[in-house]
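With TSV, C-alpha atoms inside, this is structure-v4.tsv:
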```tsv
chain	number	residue	atom	x	y	z
A	21	MET	CA	-141.02	36.93	-84.85
A	22	LEU	CA	-140.58	40.60	-85.73
A	23	ALA	CA	-143.37	41.56	-83.33
A	24	ALA	CA	-141.75	39.43	-80.61
A	25	PHE	CA	-138.44	41.20	-81.18
A	26	LEU	CA	-140.06	44.63	-80.93
A	27	LEU	CA	-142.02	43.74	-77.79
A	28	ILE	CA	-139.66	41.40	-75.98
A	29	GLY	CA	-136.31	42.13	-77.63
A	30	PRO	CA	-133.54	39.74	-78.71
A	31	PHE	CA	-133.70	37.73	-75.49
A	32	GLY	CA	-137.09	36.31	-76.40
A	33	LEU	CA	-135.97	34.67	-79.60
A	34	HIS	CA	-134.17	31.66	-78.14
A	35	HIS	CA	-137.10	29.99	-76.36
A	36	LEU	CA	-140.22	30.49	-78.45
A	37	ALA	CA	-142.73	28.72	-76.16
A	38	ASP	CA	-142.09	31.09	-73.26
A	39	THR	CA	-141.88	34.01	-75.66
A	40	LEU	CA	-145.46	33.41	-76.82
A	41	VAL	CA	-146.67	33.65	-73.22
A	42	LEU	CA	-144.59	36.76	-72.57
A	43	PHE	CA	-145.67	38.23	-75.88
A	44	SER	CA	-149.32	37.84	-74.87
A	45	PHE	CA	-148.75	39.29	-71.41
A	46	MET	CA	-146.71	42.18	-72.81
A	47	GLY	CA	-149.38	42.90	-75.42
A	48	GLY	CA	-152.04	42.93	-72.72
A	49	SER	CA	-150.03	45.33	-70.54
A	50	LEU	CA	-149.45	47.68	-73.45
A	51	ALA	CA	-153.12	47.50	-74.42
A	52	VAL	CA	-154.10	48.54	-70.89
A	53	ALA	CA	-151.57	51.38	-70.96
A	54	LEU	CA	-152.85	52.65	-74.31
A	55	THR	CA	-156.55	52.37	-73.45
A	56	SER	CA	-156.16	53.88	-69.94
A	57	SER	CA	-155.20	57.34	-71.16
A	58	ARG	CA	-157.56	58.92	-68.61
A	59	SER	CA	-156.23	56.84	-65.72
A	60	SER	CA	-152.60	57.67	-65.04
A	61	HIS	CA	-152.55	55.17	-62.17
A	62	GLN	CA	-153.61	52.26	-64.40
A	63	GLN	CA	-151.13	53.39	-67.03
A	64	SER	CA	-148.34	53.38	-64.44
A	65	VAL	CA	-149.21	49.88	-63.24
A	66	ALA	CA	-149.40	48.53	-66.80
A	67	LEU	CA	-146.10	50.11	-67.84
A	68	THR	CA	-144.38	48.85	-64.67
A	69	LEU	CA	-145.66	45.33	-65.37
A	70	ALA	CA	-144.35	45.57	-68.93
A	71	LEU	CA	-140.89	46.47	-67.63
A	72	ALA	CA	-141.13	43.60	-65.12
A	73	VAL	CA	-141.85	41.20	-68.00
A	74	LEU	CA	-138.72	42.37	-69.77
A	75	PHE	CA	-136.75	41.86	-66.57
A	76	TYR	CA	-138.10	38.34	-66.22
A	77	GLU	CA	-137.29	37.50	-69.82
A	78	SER	CA	-133.74	38.83	-69.42
A	79	LEU	CA	-133.21	36.79	-66.26
A	80	GLN	CA	-134.38	33.66	-68.08
A	81	SER	CA	-131.36	33.87	-70.36
A	82	VAL	CA	-128.99	33.88	-67.39
A	83	THR	CA	-130.81	31.16	-65.44
A	84	SER	CA	-130.96	28.95	-68.54
A	85	TRP	CA	-127.23	29.36	-69.01
A	86	LEU	CA	-126.56	28.49	-65.35
A	87	ARG	CA	-128.81	25.43	-65.67
A	88	ILE	CA	-126.74	24.19	-68.60
A	89	GLU	CA	-123.49	24.81	-66.75
A	90	LEU	CA	-124.69	22.99	-63.62
A	91	THR	CA	-126.57	20.07	-65.17
A	92	VAL	CA	-124.39	19.15	-68.18
A	93	PRO	CA	-121.24	17.59	-66.72
A	94	VAL	CA	-119.36	16.82	-69.92
A	95	LEU	CA	-117.32	19.74	-71.23
A	96	GLY	CA	-117.74	18.58	-74.83
A	97	GLU	CA	-121.52	18.54	-74.52
A	98	ARG	CA	-121.53	21.99	-72.93
A	99	SER	CA	-119.39	23.39	-75.69
A	100	ALA	CA	-121.64	21.85	-78.31
A	101	LEU	CA	-124.70	23.39	-76.71
A	102	HIS	CA	-123.13	26.85	-76.64
A	103	ALA	CA	-121.78	26.58	-80.15
A	104	ALA	CA	-125.20	25.49	-81.42
A	105	SER	CA	-126.81	28.61	-80.05
A	106	LEU	CA	-124.84	31.76	-80.77
A	107	LEU	CA	-127.94	33.84	-80.13
A	108	PHE	CA	-128.37	32.23	-76.71
A	109	THR	CA	-124.77	33.08	-75.77
A	110	MET	CA	-125.21	36.63	-77.03
A	111	ASN	CA	-128.39	37.03	-74.96
A	112	VAL	CA	-126.59	35.94	-71.79
A	113	PHE	CA	-123.71	38.30	-72.55
A	114	LEU	CA	-126.04	41.27	-73.10
A	115	ALA	CA	-128.06	40.45	-69.98
A	116	LEU	CA	-124.94	40.35	-67.79
A	117	ILE	CA	-123.62	43.63	-69.25
A	118	GLY	CA	-126.99	45.28	-68.66
A	119	ALA	CA	-127.24	44.00	-65.09
A	120	GLY	CA	-123.73	45.24	-64.28
A	121	ALA	CA	-124.42	48.65	-65.83
A	122	ALA	CA	-127.71	48.95	-63.93
A	123	VAL	CA	-126.00	48.23	-60.60
A	124	ILE	CA	-123.38	50.91	-61.31
A	125	VAL	CA	-126.01	53.46	-62.36
A	126	ALA	CA	-128.21	52.65	-59.34
A	127	ILE	CA	-125.34	53.11	-56.90
A	128	SER	CA	-124.31	56.34	-58.63
A	129	MET	CA	-127.85	57.73	-58.44
A	130	GLU	CA	-128.19	56.88	-54.77
A	131	VAL	CA	-124.80	58.35	-53.86
A	132	ARG	CA	-125.45	61.57	-55.76
A	133	LYS	CA	-128.90	62.17	-54.33
A	134	THR	CA	-128.31	61.07	-50.76
A	135	ARG	CA	-124.78	62.37	-50.21
A	136	LEU	CA	-124.60	65.63	-52.14
A	137	PRO	CA	-126.23	68.98	-51.27
A	138	LEU	CA	-128.66	70.60	-53.71
A	139	ALA	CA	-126.08	73.11	-54.93
A	140	SER	CA	-123.76	70.25	-55.95
A	141	LEU	CA	-126.55	68.39	-57.75
A	142	PHE	CA	-127.36	71.50	-59.81
A	143	PRO	CA	-124.12	73.52	-60.05
A	144	GLU	CA	-125.50	75.70	-62.86
A	145	VAL	CA	-128.27	77.07	-60.59
A	146	SER	CA	-127.90	79.72	-57.89
A	147	PHE	CA	-129.89	78.95	-54.72
A	148	LEU	CA	-131.00	81.47	-52.10
A	149	THR	CA	-132.55	81.16	-48.65
A	150	ALA	CA	-136.30	80.75	-48.98
A	151	PRO	CA	-138.57	83.34	-47.33
A	152	SER	CA	-140.35	82.26	-44.16
A	153	ASP	CA	-143.84	82.62	-45.67
A	154	LEU	CA	-142.94	80.18	-48.47
A	155	ILE	CA	-141.50	77.71	-45.96
A	156	GLY	CA	-144.66	78.00	-43.85
A	157	SER	CA	-146.88	77.44	-46.87
A	158	VAL	CA	-144.94	74.32	-47.89
A	159	ALA	CA	-145.20	72.98	-44.33
A	160	GLU	CA	-148.97	73.59	-44.35
A	161	ILE	CA	-149.49	71.79	-47.65
A	162	SER	CA	-147.23	68.95	-46.48
A	163	ARG	CA	-149.50	68.39	-43.50
A	164	VAL	CA	-152.47	68.13	-45.84
A	165	VAL	CA	-150.56	65.69	-48.06
A	166	GLY	CA	-149.48	63.66	-45.03
A	167	ILE	CA	-145.71	63.82	-45.56
A	168	ALA	CA	-142.82	65.37	-43.67
A	169	PRO	CA	-142.15	68.94	-44.88
A	170	PRO	CA	-139.18	69.08	-47.26
A	171	LYS	CA	-136.43	71.65	-47.02
A	172	VAL	CA	-137.26	74.67	-49.19
A	173	SER	CA	-134.82	76.65	-51.35
A	174	LEU	CA	-135.29	79.63	-53.63
A	175	ILE	CA	-133.92	79.55	-57.18
A	176	ASP	CA	-132.39	82.87	-58.19
A	177	THR	CA	-133.93	83.18	-61.64
A	178	GLY	CA	-136.80	85.00	-63.27
A	179	ASP	CA	-137.79	81.87	-65.21
A	180	PRO	CA	-140.80	80.11	-63.65
A	181	ALA	CA	-139.57	76.79	-62.30
A	182	ALA	CA	-140.07	74.35	-59.45
A	183	PHE	CA	-138.83	70.88	-58.66
A	184	ILE	CA	-138.41	68.49	-55.78
A	185	THR	CA	-135.53	66.09	-55.42
A	186	ARG	CA	-133.72	63.89	-52.95
A	187	SER	CA	-130.54	65.32	-51.52
A	188	ARG	CA	-128.31	64.92	-48.50
A	189	GLN	CA	-130.97	66.51	-46.28
A	190	GLY	CA	-133.75	64.26	-47.57
A	191	PHE	CA	-136.36	65.72	-49.88
A	192	GLU	CA	-135.77	69.31	-50.96
A	193	LEU	CA	-138.16	71.59	-52.82
A	194	ALA	CA	-136.83	74.41	-54.99
A	195	VAL	CA	-139.07	77.25	-56.22
A	196	SER	CA	-137.89	80.07	-58.48
A	197	VAL	CA	-138.35	83.77	-57.88
A	198	GLY	CA	-140.01	83.98	-61.29
A	199	LEU	CA	-142.63	81.39	-60.34
A	200	ILE	CA	-143.55	83.23	-57.15
A	201	GLU	CA	-143.81	86.57	-58.93
A	202	SER	CA	-145.89	85.32	-61.87
A	203	LEU	CA	-148.54	83.30	-60.03
A	204	THR	CA	-151.28	84.02	-57.54
A	205	TRP	CA	-151.18	82.29	-54.17
A	206	ASP	CA	-153.74	79.65	-55.20
A	207	GLU	CA	-151.80	78.92	-58.40
A	208	LEU	CA	-148.50	78.69	-56.52
A	209	ARG	CA	-150.13	76.41	-53.95
A	210	ALA	CA	-151.30	74.11	-56.75
A	211	CYS	CA	-147.77	73.94	-58.18
A	212	ILE	CA	-146.30	73.12	-54.78
A	213	ALA	CA	-148.97	70.44	-54.32
A	214	HIS	CA	-147.92	68.90	-57.64
A	215	GLU	CA	-144.31	68.62	-56.47
A	216	LEU	CA	-145.25	67.22	-53.06
A	217	ALA	CA	-147.51	64.71	-54.81
A	218	HIS	CA	-144.38	63.10	-56.26
A	219	VAL	CA	-143.30	62.25	-52.71
A	220	LYS	CA	-146.77	61.07	-51.68
A	221	ASN	CA	-147.01	58.82	-54.77
A	222	ASN	CA	-143.53	57.31	-54.23
A	223	ASP	CA	-142.46	58.55	-57.65
A	224	PHE	CA	-138.79	58.57	-56.72
A	225	ALA	CA	-138.89	54.80	-56.22
A	226	VAL	CA	-140.84	54.31	-59.47
A	227	ARG	CA	-138.42	56.48	-61.44
A	228	PHE	CA	-135.45	54.73	-59.87
A	229	PHE	CA	-136.84	51.37	-60.98
A	230	ALA	CA	-137.67	52.64	-64.48
A	231	THR	CA	-134.23	54.13	-65.08
A	232	SER	CA	-132.42	51.09	-63.69
A	233	ALA	CA	-134.61	48.84	-65.85
A	234	ARG	CA	-133.86	50.81	-69.01
A	235	VAL	CA	-130.13	50.56	-68.37
A	236	ALA	CA	-130.31	46.85	-67.55
A	237	LEU	CA	-132.50	46.17	-70.59
A	238	PHE	CA	-130.57	48.33	-73.03
A	239	ALA	CA	-130.82	45.57	-75.67
A	240	HIS	CA	-134.63	45.58	-75.49
A	241	PRO	CA	-135.94	48.16	-77.98
A	242	LEU	CA	-139.17	48.62	-76.04
A	243	SER	CA	-137.43	49.52	-72.77
A	244	HIS	CA	-136.35	52.85	-74.28
A	245	LEU	CA	-140.02	53.70	-74.85
A	246	LEU	CA	-141.44	52.29	-71.61
A	247	GLU	CA	-139.19	54.30	-69.29
A	248	PRO	CA	-140.18	57.79	-70.57
A	249	ALA	CA	-143.82	56.66	-70.88
A	250	LEU	CA	-143.79	55.68	-67.20
A	251	TYR	CA	-142.25	59.04	-66.28
A	252	ARG	CA	-144.99	60.88	-68.19
A	253	ALA	CA	-147.71	58.80	-66.53
A	254	ARG	CA	-146.36	59.75	-63.10
A	255	GLU	CA	-146.48	63.45	-64.06
A	256	PHE	CA	-150.16	63.14	-64.98
A	257	LEU	CA	-150.75	61.27	-61.73
A	258	ALA	CA	-149.03	64.06	-59.77
A	259	ASP	CA	-151.38	66.58	-61.40
A	260	LYS	CA	-154.38	64.48	-60.41
A	261	THR	CA	-153.11	64.13	-56.84
A	262	ALA	CA	-152.49	67.90	-56.66
A	263	VAL	CA	-156.12	68.50	-57.64
A	264	GLN	CA	-157.25	66.19	-54.82
A	265	ILE	CA	-154.99	68.03	-52.37
A	266	THR	CA	-156.14	71.53	-53.31
A	267	GLY	CA	-159.77	70.62	-53.87
A	268	GLY	CA	-160.01	71.85	-57.46
A	269	ARG	CA	-158.31	71.84	-60.85
A	270	GLU	CA	-158.80	75.45	-61.89
A	271	SER	CA	-155.76	76.81	-60.03
A	272	LEU	CA	-153.38	74.29	-61.56
A	273	ILE	CA	-154.86	74.78	-65.04
A	274	SER	CA	-154.49	78.54	-64.63
A	275	ALA	CA	-150.87	78.16	-63.45
A	276	LEU	CA	-149.95	75.88	-66.36
A	277	THR	CA	-151.64	78.25	-68.82
A	278	LYS	CA	-149.66	81.22	-67.50
A	279	ILE	CA	-146.41	79.28	-67.69
A	280	ARG	CA	-147.21	78.14	-71.23
A	281	GLU	CA	-147.80	81.73	-72.31
A	282	SER	CA	-144.59	82.82	-70.60
A	283	GLN	CA	-142.61	80.07	-72.32
A	284	ASP	CA	-144.11	80.89	-75.72
A	285	TYR	CA	-143.16	84.55	-75.27
A	286	SER	CA	-139.62	83.73	-74.11
A	287	ALA	CA	-139.11	81.30	-77.01
A	288	ALA	CA	-140.28	83.95	-79.49
A	289	GLN	CA	-137.94	86.51	-77.99
A	290	SER	CA	-134.79	84.42	-77.60
A	291	GLY	CA	-135.39	81.25	-79.60
A	292	SER	CA	-134.71	79.07	-76.55
A	293	ILE	CA	-136.17	78.41	-73.16
A	294	ALA	CA	-134.62	77.03	-69.98
A	295	THR	CA	-136.25	73.80	-68.89
A	296	ALA	CA	-137.67	73.22	-65.46
A	297	CYS	CA	-138.79	69.99	-63.86
A	298	LEU	CA	-142.31	71.26	-63.35
A	299	PHE	CA	-142.75	73.11	-66.62
A	300	ARG	CA	-140.67	71.41	-69.28
A	301	ARG	CA	-141.27	72.52	-72.83
A	302	GLY	CA	-142.25	69.49	-74.93
A	303	HIS	CA	-140.81	68.53	-78.31
A	304	GLY	CA	-142.83	69.51	-81.34
A	305	ASN	CA	-141.91	66.39	-83.29
A	306	ARG	CA	-144.22	63.48	-82.42
A	307	LEU	CA	-141.53	60.89	-83.06
A	308	VAL	CA	-139.11	62.61	-80.68
A	309	ARG	CA	-141.85	63.25	-78.14
A	310	VAL	CA	-142.18	59.53	-77.29
A	311	PHE	CA	-138.71	59.74	-75.70
A	312	ASP	CA	-139.58	62.82	-73.61
A	313	LYS	CA	-139.93	62.11	-69.91
A	314	HIS	CA	-142.21	65.10	-69.34
A	315	PRO	CA	-145.57	65.58	-71.06
A	316	SER	CA	-146.22	68.87	-72.81
A	317	LEU	CA	-148.10	71.63	-71.01
A	318	ASN	CA	-150.90	71.33	-73.56
A	319	ALA	CA	-151.28	67.62	-72.80
A	320	ARG	CA	-151.35	68.26	-69.04
A	321	ILE	CA	-153.91	71.06	-69.35
A	322	LYS	CA	-156.11	68.87	-71.56
A	323	ALA	CA	-155.88	65.97	-69.08
A	324	LEU	CA	-156.81	68.26	-66.19
A	325	LYS	CA	-159.85	69.58	-68.05
A	326	GLU	CA	-161.00	66.01	-68.67
A	327	LEU	CA	-160.82	65.03	-65.00
A	328	GLU	CA	-164.20	63.98	-63.65
```

Starting from the file, give its structure as structure tokens.
Amino acid sequence: MLAAFLLIGPFGLHHLADTLVLFSFMGGSLAVALTSSRSSHQQSVALTLALAVLFYESLQSVTSWLRIELTVPVLGERSALHAASLLFTMNVFLALIGAGAAVIVAISMEVRKTRLPLASLFPEVSFLTAPSDLIGSVAEISRVVGIAPPKVSLIDTGDPAAFITRSRQGFELAVSVGLIESLTWDELRACIAHELAHVKNNDFAVRFFATSARVALFAHPLSHLLEPALYRAREFLADKTAVQITGGRESLISALTKIRESQDYSAAQSGSIATACLFRRGHGNRLVRVFDKHPSLNARIKALKELE
């Protein structure tokens, strides 16, 4: 029962027969995710399936409640059924709250990213007009990737950073002055390929689903581990796709190594480091690290070196 609670959450405890099936399926999905450490694609599929199982289990609470309401005509009998199962009523209540919260969050995310310009999405960052050679390079790599070229902006900071996001203009890529100045052309090209790989791999849709699922399944303990794990798997997949785009892993490994050294130096000097979507500094504590949506640079470099 404890294992079922940890894997399925409180919703699974009111119909044990179905829970055993879901427990087995969930265990299988997690086993695939844990044993597919070298295949970020398989990890992503397994983690997505695990979240889908949680969704299904949550919906069962609501559909069971509706079935009782529609098929039991006598008010006294309905009341007796609900009173006899406080846990069942609580499950339905939590599922409805989670579903409502997920809808609100989903609408908010879509409005923010499709209606607001980049400067409004990141008010703490100063954006400049990107140089024409950078725009041309992004367009060239986009053709190789097979996607429409995103709008390109320059981040006015010496910290090495790069990220791609959805905004009012569609997809928009931001690259910092520090990143351009610290990397060679091949290394910069590999970093840009990593960001464009997120578009090619439909990571925005995957992340949207994962975040909405975590909000909807807030009462499921495992959902708070599955969402960041899925994010991390997509980062590893973007690295692998970038290697396929550029034709080699050495440039991306070299870029990540330079950024890691730069971050270590900055942390030693100031005690803190600004985070960037491409090069986020990981937590040192293993327990905290499972909630981090970005893998550490060391983990990414190791995974790249192990690519066949």

Where does stretch 210-296 of chain A meet stretch 160-178 of chain A within 7 Å, residue by residue, with the nearest atom pair and distance in Å to one decimal for each, counting all atoms listed in the file, listed by chain and rising number, as JSON lines?
```
{"residue": "A:Ala213", "atom": "CA", "partner": "A:Ile161", "partner_atom": "CA", "distance": 6.8}
{"residue": "A:Lys220", "atom": "CA", "partner": "A:Ile167", "partner_atom": "CA", "distance": 6.8}
{"residue": "A:Ile265", "atom": "CA", "partner": "A:Val165", "partner_atom": "CA", "distance": 6.6}
```

In terms of all atoms listed in the file, the residue from A:Phe147, A:Leu69, A:Asp206, A:Lys278 at minimal distance from A:Leu250 is A:Leu69

Quick one: residues within 12 Å of A:Val125, only C-alpha atoms counted, chain neighbours fewer than 2 positions away excluded, as an NGL selection string? :A and (118-123 or 127-132 or 228-236)

Selection to disk with C-alpha atoms, as a PDB file, in the coordinates of the input:
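Full text of part.pdb as output:
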```
ATOM      1  CA  GLY A 118    -126.990  45.280 -68.660  1.00  0.00           C
ATOM      2  CA  ALA A 119    -127.240  44.000 -65.090  1.00  0.00           C
ATOM      3  CA  GLY A 120    -123.730  45.240 -64.280  1.00  0.00           C
ATOM      4  CA  ALA A 121    -124.420  48.650 -65.830  1.00  0.00           C
ATOM      5  CA  ALA A 122    -127.710  48.950 -63.930  1.00  0.00           C
ATOM      6  CA  VAL A 123    -126.000  48.230 -60.600  1.00  0.00           C
ATOM      7  CA  ILE A 127    -125.340  53.110 -56.900  1.00  0.00           C
ATOM      8  CA  SER A 128    -124.310  56.340 -58.630  1.00  0.00           C
ATOM      9  CA  MET A 129    -127.850  57.730 -58.440  1.00  0.00           C
ATOM     10  CA  GLU A 130    -128.190  56.880 -54.770  1.00  0.00           C
ATOM     11  CA  VAL A 131    -124.800  58.350 -53.860  1.00  0.00           C
ATOM     12  CA  ARG A 132    -125.450  61.570 -55.760  1.00  0.00           C
ATOM     13  CA  PHE A 228    -135.450  54.730 -59.870  1.00  0.00           C
ATOM     14  CA  PHE A 229    -136.840  51.370 -60.980  1.00  0.00           C
ATOM     15  CA  ALA A 230    -137.670  52.640 -64.480  1.00  0.00           C
ATOM     16  CA  THR A 231    -134.230  54.130 -65.080  1.00  0.00           C
ATOM     17  CA  SER A 232    -132.420  51.090 -63.690  1.00  0.00           C
ATOM     18  CA  ALA A 233    -134.610  48.840 -65.850  1.00  0.00           C
ATOM     19  CA  ARG A 234    -133.860  50.810 -69.010  1.00  0.00           C
ATOM     20  CA  VAL A 235    -130.130  50.560 -68.370  1.00  0.00           C
ATOM     21  CA  ALA A 236    -130.310  46.850 -67.550  1.00  0.00           C
TER      22      ALA A 236
END
```

What is the distance between atom CA of A:Phe311 and atom CA of A:Leu246, in Å to one decimal?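 Between these atoms lies a distance of 8.9 Å.
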
Would you mind telling me which residue in A:Phe142, A:Thr204, A:Glu255, A:Gly268 lies nearest to A:Leu317 when using all atoms listed in the file?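 That would be A:Glu255, the residue with the smallest distance to A:Leu317.
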
Any idea what the distance is between atom CA of A:Ala319 and atom CA of A:Gly267?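 Interatomic distance, atom CA of A:Ala319 to atom CA of A:Gly267: 21.0 Å.
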
Hey, which of A:Leu257, A:Leu79, A:Val112, A:Ala126 ends up closest to A:Asn222? Count only C-alpha atoms.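 Ranked by minimum distance to A:Asn222, first place goes to A:Leu257.
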
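The residue that comes closest to A:Pro151, out of A:Cys211, A:Val195, A:Ser64, A:Ile117 and on the basis of all atoms listed in the file, is A:Val195.
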
When you draw a straight line from atom CA of A:Ser196 to atom CA of A:Asp312, how long is it in Å? 23.0 Å

Would you mind telling me which residue in A:Gly156, A:Pro143, A:Gly190, A:Pro248 lies nearest to A:Val310 when using only C-alpha atoms?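 Among the listed residues, A:Pro248 lies closest to A:Val310.
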
Using all atoms listed in the file, the best pick from A:Gln62, A:Gln264, A:Ser78, A:Ser187 as closest to A:Ser140 would be A:Ser187

Pull the neighbourhood of (-152.1, 71.8, -65.1) for me: all residues within 12 Å in file coordinates, counting all atoms listed in the file, as a PDB file with C-alpha atoms, keeping the file's coordinate frame.
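Saved the output as part33.pdb:
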```pdb
ATOM      1  CA  GLU A 207    -151.800  78.920 -58.400  1.00  0.00           C
ATOM      2  CA  LEU A 208    -148.500  78.690 -56.520  1.00  0.00           C
ATOM      3  CA  ALA A 210    -151.300  74.110 -56.750  1.00  0.00           C
ATOM      4  CA  CYS A 211    -147.770  73.940 -58.180  1.00  0.00           C
ATOM      5  CA  ILE A 212    -146.300  73.120 -54.780  1.00  0.00           C
ATOM      6  CA  ALA A 213    -148.970  70.440 -54.320  1.00  0.00           C
ATOM      7  CA  HIS A 214    -147.920  68.900 -57.640  1.00  0.00           C
ATOM      8  CA  GLU A 255    -146.480  63.450 -64.060  1.00  0.00           C
ATOM      9  CA  PHE A 256    -150.160  63.140 -64.980  1.00  0.00           C
ATOM     10  CA  LEU A 257    -150.750  61.270 -61.730  1.00  0.00           C
ATOM     11  CA  ALA A 258    -149.030  64.060 -59.770  1.00  0.00           C
ATOM     12  CA  ASP A 259    -151.380  66.580 -61.400  1.00  0.00           C
ATOM     13  CA  LYS A 260    -154.380  64.480 -60.410  1.00  0.00           C
ATOM     14  CA  THR A 261    -153.110  64.130 -56.840  1.00  0.00           C
ATOM     15  CA  ALA A 262    -152.490  67.900 -56.660  1.00  0.00           C
ATOM     16  CA  VAL A 263    -156.120  68.500 -57.640  1.00  0.00           C
ATOM     17  CA  GLY A 268    -160.010  71.850 -57.460  1.00  0.00           C
ATOM     18  CA  ARG A 269    -158.310  71.840 -60.850  1.00  0.00           C
ATOM     19  CA  GLU A 270    -158.800  75.450 -61.890  1.00  0.00           C
ATOM     20  CA  SER A 271    -155.760  76.810 -60.030  1.00  0.00           C
ATOM     21  CA  LEU A 272    -153.380  74.290 -61.560  1.00  0.00           C
ATOM     22  CA  ILE A 273    -154.860  74.780 -65.040  1.00  0.00           C
ATOM     23  CA  SER A 274    -154.490  78.540 -64.630  1.00  0.00           C
ATOM     24  CA  ALA A 275    -150.870  78.160 -63.450  1.00  0.00           C
ATOM     25  CA  LEU A 276    -149.950  75.880 -66.360  1.00  0.00           C
ATOM     26  CA  THR A 277    -151.640  78.250 -68.820  1.00  0.00           C
ATOM     27  CA  LYS A 278    -149.660  81.220 -67.500  1.00  0.00           C
ATOM     28  CA  ILE A 279    -146.410  79.280 -67.690  1.00  0.00           C
ATOM     29  CA  ARG A 280    -147.210  78.140 -71.230  1.00  0.00           C
ATOM     30  CA  LEU A 298    -142.310  71.260 -63.350  1.00  0.00           C
ATOM     31  CA  PHE A 299    -142.750  73.110 -66.620  1.00  0.00           C
ATOM     32  CA  PRO A 315    -145.570  65.580 -71.060  1.00  0.00           C
ATOM     33  CA  SER A 316    -146.220  68.870 -72.810  1.00  0.00           C
ATOM     34  CA  LEU A 317    -148.100  71.630 -71.010  1.00  0.00           C
ATOM     35  CA  ASN A 318    -150.900  71.330 -73.560  1.00  0.00           C
ATOM     36  CA  ALA A 319    -151.280  67.620 -72.800  1.00  0.00           C
ATOM     37  CA  ARG A 320    -151.350  68.260 -69.040  1.00  0.00           C
ATOM     38  CA  ILE A 321    -153.910  71.060 -69.350  1.00  0.00           C
ATOM     39  CA  LYS A 322    -156.110  68.870 -71.560  1.00  0.00           C
ATOM     40  CA  ALA A 323    -155.880  65.970 -69.080  1.00  0.00           C
ATOM     41  CA  LEU A 324    -156.810  68.260 -66.190  1.00  0.00           C
ATOM     42  CA  LYS A 325    -159.850  69.580 -68.050  1.00  0.00           C
ATOM     43  CA  GLU A 326    -161.000  66.010 -68.670  1.00  0.00           C
ATOM     44  CA  LEU A 327    -160.820  65.030 -65.000  1.00  0.00           C
TER      45      LEU A 327
END
```
